[in-house]
Amino acid sequence: MLELTNVDAFYGNSRALQGVNVRVGAGEFLSVLGRNGVGKTTMMRAILGLMDRVTGELRLDGRDLAGLPTHLRAKAGIAYVPQGRGILPRFTVRENLTLGTFAAPADKAVLDEEVFELFPVLRDFLGRNGGNLSGGQQQQLAIARALQARPRIILLDEPTEGIQPNIVEQIEEVITRLNRERGIAVVLVEQNVRFARRASTRFALLEKGRVVAEGSVSALTDDLVHRHMAV
Ligand SMILES: Nc1ncnc2c1ncn2[C@@H]1O[C@H](COP(=O)(O)OP(=O)(O)OP(=O)(O)O)[C@@H](O)[C@H]1O
């Protein structure tokens, strides 16, 4: 459903992605792996239309995304949970969730209460300011907000970074369920290889802006991990 063909992406004159080819099929789960600074976040920003300049081809279900602004990519079904979560601290949980509905198709632009099955704590805290939630709760809110857009594919940038271990497991379980039970395709930037192996169907390993290995997750060998990741 999502295809990147020979994609370069630039910050000013600096080329942060070079010749990237990646495919994510409907309902697939792709983990994007690699050390700090290799271009993982940049790849997500390119998919979302947030880079200064992108060359090559980006297609969603065959539709060329070039020139399509970010909010229309969201309407087309691409949701994003950024690194650091992007919660608005002075907006309540309900208001943060409502923001997500703005990217939903017109007939579904109402609060999707199904997210409370995944994250019951958010129902209890609907009136609380986002900034007063714990890190783990904010991450749950960021995922719940992304789901308000009723996406077909969700991009998650290090969703378990800096979160206490018992909540990490809960978040990993939810991400897995979104993919397996709801059929939402996932692109996950992750440092945790164990989770990537458990949850993904495919992987892509980046090094200095290039994809150096990719394929079915069964081909993600320890040797590749040691060569290209900081573990
Ligand atoms: N706003 C920016 N302006 C210029 N260069 C940038 C900018 N953001 C990132 N870069 C550079 O682009 C390259 C790729 O960065 P990117 O954030 O995509 O890496 P990453 O793999 O996501 O790393 P991390 O795990 O640290 O988030 C790095 O060399 C980085 O210094």
# chains A, B, ... in the order shown; residues from 1 in each chain; ligands from 1
$ residues_around --residues "Glu28 of chain A" --least-positions-apart "4" --cutoff "10 Å" --atoms "only C-alpha atoms" --output "ChimeraX atom specification"
/A:1,23-24,153,179-180,183-187,200-202
$ write_last_selection --atoms "C-alpha atoms" --output "mmCIF file, in the first residue's frame"
data_model
loop_
_atom_site.group_PDB
_atom_site.id
_atom_site.type_symbol
_atom_site.label_atom_id
_atom_site.label_comp_id
_atom_site.auth_asym_id
_atom_site.auth_seq_id
_atom_site.Cartn_x
_atom_site.Cartn_y
_atom_site.Cartn_z
ATOM 1 C CA MET A 1 0.000 0.000 0.000
ATOM 2 C CA ARG A 23 7.423 -1.244 0.540
ATOM 3 C CA VAL A 24 4.723 -1.794 3.148
ATOM 4 C CA ILE A 153 -1.329 2.941 8.208
ATOM 5 C CA ASN A 179 -1.913 -4.549 13.382
ATOM 6 C CA ARG A 180 -3.202 -8.083 13.914
ATOM 7 C CA GLY A 183 -5.399 -4.783 10.118
ATOM 8 C CA ILE A 184 -3.775 -1.352 10.397
ATOM 9 C CA ALA A 185 -0.390 -1.361 8.661
ATOM 10 C CA VAL A 186 2.438 -0.247 10.968
ATOM 11 C CA VAL A 187 5.763 1.445 10.329
ATOM 12 C CA SER A 200 6.964 -7.201 12.617
ATOM 13 C CA THR A 201 6.461 -8.956 9.341
ATOM 14 C CA ARG A 202 9.294 -6.987 7.675
#
$ closest_atom_pairs --of "chain A" --to "ligand 1" --cutoff "12 Å" --atoms "only C-alpha atoms and all ligand atoms" --output "CSV"
residue,atom,partner,partner_atom_place_in_ligand_line,distance
A:Asp8,CA,ligand 1,12 (O),11.8
A:Ala9,CA,ligand 1,12 (O),9.2
A:Phe10,CA,ligand 1,5 (N),8.1
A:Tyr11,CA,ligand 1,4 (C),4.8
A:Gly12,CA,ligand 1,4 (C),7.1
A:Asn13,CA,ligand 1,4 (C),8.9
A:Ser14,CA,ligand 1,5 (N),6.8
A:Arg15,CA,ligand 1,12 (O),7.6
A:Ala16,CA,ligand 1,12 (O),4.8
A:Leu17,CA,ligand 1,14 (C),7.6
A:Gln18,CA,ligand 1,14 (C),10.9
A:Val32,CA,ligand 1,21 (O),9.0
A:Leu33,CA,ligand 1,21 (O),8.0
A:Gly34,CA,ligand 1,21 (O),6.4
A:Arg35,CA,ligand 1,21 (O),6.1
A:Asn36,CA,ligand 1,25 (O),3.7
A:Gly37,CA,ligand 1,19 (O),3.3
A:Val38,CA,ligand 1,21 (O),3.9
A:Gly39,CA,ligand 1,18 (O),3.2
A:Lys40,CA,ligand 1,21 (O),3.8
A:Thr41,CA,ligand 1,22 (O),3.6
A:Thr42,CA,ligand 1,18 (O),3.6
A:Met43,CA,ligand 1,18 (O),6.5
A:Met44,CA,ligand 1,18 (O),8.1
A:Arg45,CA,ligand 1,18 (O),8.2
A:Ala46,CA,ligand 1,18 (O),9.7
A:Leu50,CA,ligand 1,1 (N),10.4
A:Met51,CA,ligand 1,1 (N),8.8
A:Asp52,CA,ligand 1,1 (N),9.4
A:Arg53,CA,ligand 1,3 (N),11.9
A:Pro82,CA,ligand 1,27 (O),10.2
A:Gln83,CA,ligand 1,27 (O),7.6
A:Gly84,CA,ligand 1,27 (O),10.1
A:Leu156,CA,ligand 1,22 (O),11.4
A:Asp157,CA,ligand 1,22 (O),8.1
A:Glu158,CA,ligand 1,25 (O),8.0
A:Pro159,CA,ligand 1,27 (O),11.6
A:Glu161,CA,ligand 1,25 (O),10.2
A:Leu188,CA,ligand 1,22 (O),11.3
A:Val189,CA,ligand 1,22 (O),7.9
A:Glu190,CA,ligand 1,25 (O),8.4
A:Gln191,CA,ligand 1,25 (O),8.1
A:Asn192,CA,ligand 1,25 (O),11.8
A:Ala204,CA,ligand 1,21 (O),11.9
A:Leu205,CA,ligand 1,21 (O),10.1
A:Leu206,CA,ligand 1,21 (O),7.7
A:Glu207,CA,ligand 1,21 (O),8.4
A:Lys208,CA,ligand 1,29 (O),7.5
A:Gly209,CA,ligand 1,14 (C),6.8
A:Arg210,CA,ligand 1,14 (C),10.4
A:Val211,CA,ligand 1,21 (O),11.5
A:His228,CA,ligand 1,21 (O),11.7
A:Met229,CA,ligand 1,25 (O),10.7
A:Ala230,CA,ligand 1,25 (O),10.6
$ write_last_selection --atoms "N, CA and C atoms" --output "compact mmCIF listing (two decimals), in the first residue's frame"
# COMPACT_ATOMS: atom_id res chain seq x y z
N ASP A 8 15.17 10.31 -2.05
CA ASP A 8 16.17 11.14 -1.38
C ASP A 8 15.40 12.20 -0.59
N ALA A 9 15.91 12.59 0.58
CA ALA A 9 15.25 13.65 1.35
C ALA A 9 16.32 14.58 1.89
N PHE A 10 16.00 15.88 1.90
CA PHE A 10 17.00 16.90 2.20
C PHE A 10 16.57 17.81 3.35
N TYR A 11 17.54 18.19 4.19
CA TYR A 11 17.42 19.34 5.08
C TYR A 11 18.28 20.42 4.44
N GLY A 12 17.69 21.42 3.83
CA GLY A 12 18.49 22.39 3.07
C GLY A 12 19.25 21.64 1.98
N ASN A 13 20.59 21.79 2.00
CA ASN A 13 21.40 21.10 1.00
C ASN A 13 21.90 19.75 1.49
N SER A 14 21.58 19.43 2.74
CA SER A 14 22.11 18.20 3.31
C SER A 14 21.16 17.03 3.02
N ARG A 15 21.72 15.99 2.39
CA ARG A 15 20.88 14.85 1.98
C ARG A 15 20.86 13.81 3.10
N ALA A 16 19.69 13.66 3.73
CA ALA A 16 19.58 12.76 4.88
C ALA A 16 19.08 11.37 4.50
N LEU A 17 18.45 11.25 3.33
CA LEU A 17 18.08 9.92 2.80
C LEU A 17 18.58 9.81 1.39
N GLN A 18 19.08 8.62 1.04
CA GLN A 18 19.63 8.43 -0.30
C GLN A 18 19.14 7.14 -0.91
N VAL A 32 11.63 -0.18 11.27
CA VAL A 32 12.76 0.55 10.69
C VAL A 32 13.81 0.68 11.79
N LEU A 33 14.96 0.09 11.52
CA LEU A 33 15.98 -0.04 12.56
C LEU A 33 17.27 0.66 12.14
N GLY A 34 18.09 0.95 13.14
CA GLY A 34 19.39 1.56 12.85
C GLY A 34 19.82 2.45 14.00
N ARG A 35 21.09 2.83 13.98
CA ARG A 35 21.64 3.65 15.07
C ARG A 35 21.06 5.05 15.03
N ASN A 36 21.39 5.85 16.05
CA ASN A 36 20.95 7.25 16.08
C ASN A 36 21.49 8.00 14.88
N GLY A 37 20.64 8.84 14.30
CA GLY A 37 21.09 9.74 13.25
C GLY A 37 21.21 9.13 11.86
N VAL A 38 20.71 7.91 11.65
CA VAL A 38 20.86 7.27 10.33
C VAL A 38 19.75 7.66 9.35
N GLY A 39 18.69 8.32 9.87
CA GLY A 39 17.64 8.80 8.96
C GLY A 39 16.26 8.19 9.18
N LYS A 40 16.06 7.54 10.32
CA LYS A 40 14.78 6.86 10.56
C LYS A 40 13.64 7.87 10.66
N THR A 41 13.84 8.90 11.48
CA THR A 41 12.80 9.93 11.62
C THR A 41 12.61 10.67 10.30
N THR A 42 13.70 10.90 9.61
CA THR A 42 13.62 11.58 8.32
C THR A 42 12.74 10.79 7.35
N MET A 43 12.85 9.48 7.39
CA MET A 43 12.01 8.66 6.50
C MET A 43 10.53 8.89 6.82
N MET A 44 10.20 8.95 8.10
CA MET A 44 8.80 9.20 8.47
C MET A 44 8.38 10.59 8.01
N ARG A 45 9.26 11.56 8.20
CA ARG A 45 8.92 12.94 7.81
C ARG A 45 8.74 13.04 6.30
N ALA A 46 9.51 12.27 5.56
CA ALA A 46 9.35 12.28 4.09
C ALA A 46 7.98 11.70 3.71
N LEU A 50 6.82 16.33 5.42
CA LEU A 50 7.33 17.33 6.37
C LEU A 50 8.78 17.73 6.08
N MET A 51 9.33 17.26 4.96
CA MET A 51 10.72 17.61 4.65
C MET A 51 10.79 18.81 3.71
N ASP A 52 11.96 19.50 3.71
CA ASP A 52 12.17 20.62 2.79
C ASP A 52 12.01 20.16 1.35
N ARG A 53 12.64 19.02 1.05
CA ARG A 53 12.64 18.56 -0.33
C ARG A 53 12.78 17.04 -0.37
N PRO A 82 4.62 10.97 16.77
CA PRO A 82 6.00 11.42 16.69
C PRO A 82 6.82 11.04 17.92
N GLN A 83 8.13 11.04 17.72
CA GLN A 83 9.04 10.87 18.85
C GLN A 83 8.77 12.02 19.82
N GLY A 84 8.70 11.74 21.11
CA GLY A 84 8.39 12.79 22.07
C GLY A 84 6.90 13.04 22.22
N LEU A 156 4.98 5.08 13.81
CA LEU A 156 5.28 5.29 15.24
C LEU A 156 6.78 5.45 15.41
N ASP A 157 7.19 6.59 15.98
CA ASP A 157 8.62 6.86 16.14
C ASP A 157 9.03 6.63 17.60
N GLU A 158 9.71 5.53 17.84
CA GLU A 158 10.20 5.14 19.16
C GLU A 158 9.15 5.32 20.27
N PRO A 159 8.02 4.61 20.14
CA PRO A 159 6.92 4.82 21.07
C PRO A 159 7.19 4.37 22.50
N GLU A 161 10.25 4.74 24.02
CA GLU A 161 11.44 5.42 24.52
C GLU A 161 11.13 6.17 25.82
N LEU A 188 7.21 1.13 12.24
CA LEU A 188 7.68 1.40 13.60
C LEU A 188 9.18 1.67 13.59
N VAL A 189 9.57 2.82 14.12
CA VAL A 189 10.99 3.08 14.37
C VAL A 189 11.29 2.58 15.77
N GLU A 190 12.28 1.72 15.89
CA GLU A 190 12.45 1.01 17.16
C GLU A 190 13.92 0.73 17.44
N GLN A 191 14.32 0.79 18.71
CA GLN A 191 15.65 0.35 19.11
C GLN A 191 15.58 -1.04 19.73
N ASN A 192 14.36 -1.42 20.12
CA ASN A 192 14.18 -2.69 20.82
C ASN A 192 13.99 -3.82 19.80
N ALA A 204 13.55 -2.97 7.88
CA ALA A 204 14.50 -2.24 7.03
C ALA A 204 15.56 -1.68 7.97
N LEU A 205 16.82 -1.93 7.64
CA LEU A 205 17.95 -1.43 8.45
C LEU A 205 18.60 -0.28 7.72
N LEU A 206 18.73 0.85 8.41
CA LEU A 206 19.33 2.03 7.78
C LEU A 206 20.73 2.28 8.30
N GLU A 207 21.56 2.81 7.41
CA GLU A 207 22.91 3.24 7.78
C GLU A 207 23.20 4.47 6.92
N LYS A 208 23.54 5.59 7.56
CA LYS A 208 23.87 6.83 6.84
C LYS A 208 22.89 7.16 5.72
N GLY A 209 21.60 7.10 6.02
CA GLY A 209 20.59 7.53 5.04
C GLY A 209 20.25 6.51 3.97
N ARG A 210 20.88 5.33 4.04
CA ARG A 210 20.59 4.29 3.03
C ARG A 210 20.03 3.05 3.69
N VAL A 211 19.20 2.32 2.97
CA VAL A 211 18.73 1.02 3.45
C VAL A 211 19.83 0.00 3.12
N HIS A 228 24.84 -3.32 12.46
CA HIS A 228 24.20 -2.04 12.13
C HIS A 228 23.45 -1.37 13.27
N MET A 229 23.46 -1.98 14.44
CA MET A 229 22.75 -1.35 15.56
C MET A 229 23.64 -1.22 16.78
N ALA A 230 23.27 -0.25 17.63
CA ALA A 230 24.08 0.03 18.82
C ALA A 230 23.67 -0.91 19.94
$ residues_around --residues "Arg152 of chain A" --least-positions-apart "4" --cutoff "12 Å" --atoms "only C-alpha atoms" --output "ChimeraX atom specification"
/A:1-2,24-29,60-61,73-80,104-105,146-148,178-179,182-187
$ residues_around --residues "Ser218 of chain A" --least-positions-apart "2" --cutoff "9 Å" --atoms "only C-alpha atoms" --output "ChimeraX atom specification"
/A:197,201-202,215-216,220-221
$ atom_distance --atom1 "atom CA of Ser134 of chain A" --atom2 "atom CA of Asn96 of chain A"
15.0 Å
$ atom_distance --atom1 "atom CA of Asp222 of chain A" --atom2 "atom CA of Ala196 of chain A"
12.8 Å
$ closest_residue --among "A:Arg198, A:Arg150, A:Val93, A:Leu4" --to "Asp107 of chain A" --atoms "only C-alpha atoms"
A:Arg150
$ select_by_dssp --residues "segment 38-135 of chain A" --states "strand (DSSP E)" --output "VMD selection string"
chain A and resid 53 to 60 63 to 64 78 to 81
$ closest_residue --among "A:Ile167, A:Leu97, A:Val212, A:Val115" --to "Gly127 of chain A" --atoms "only C-alpha atoms"
A:Leu97
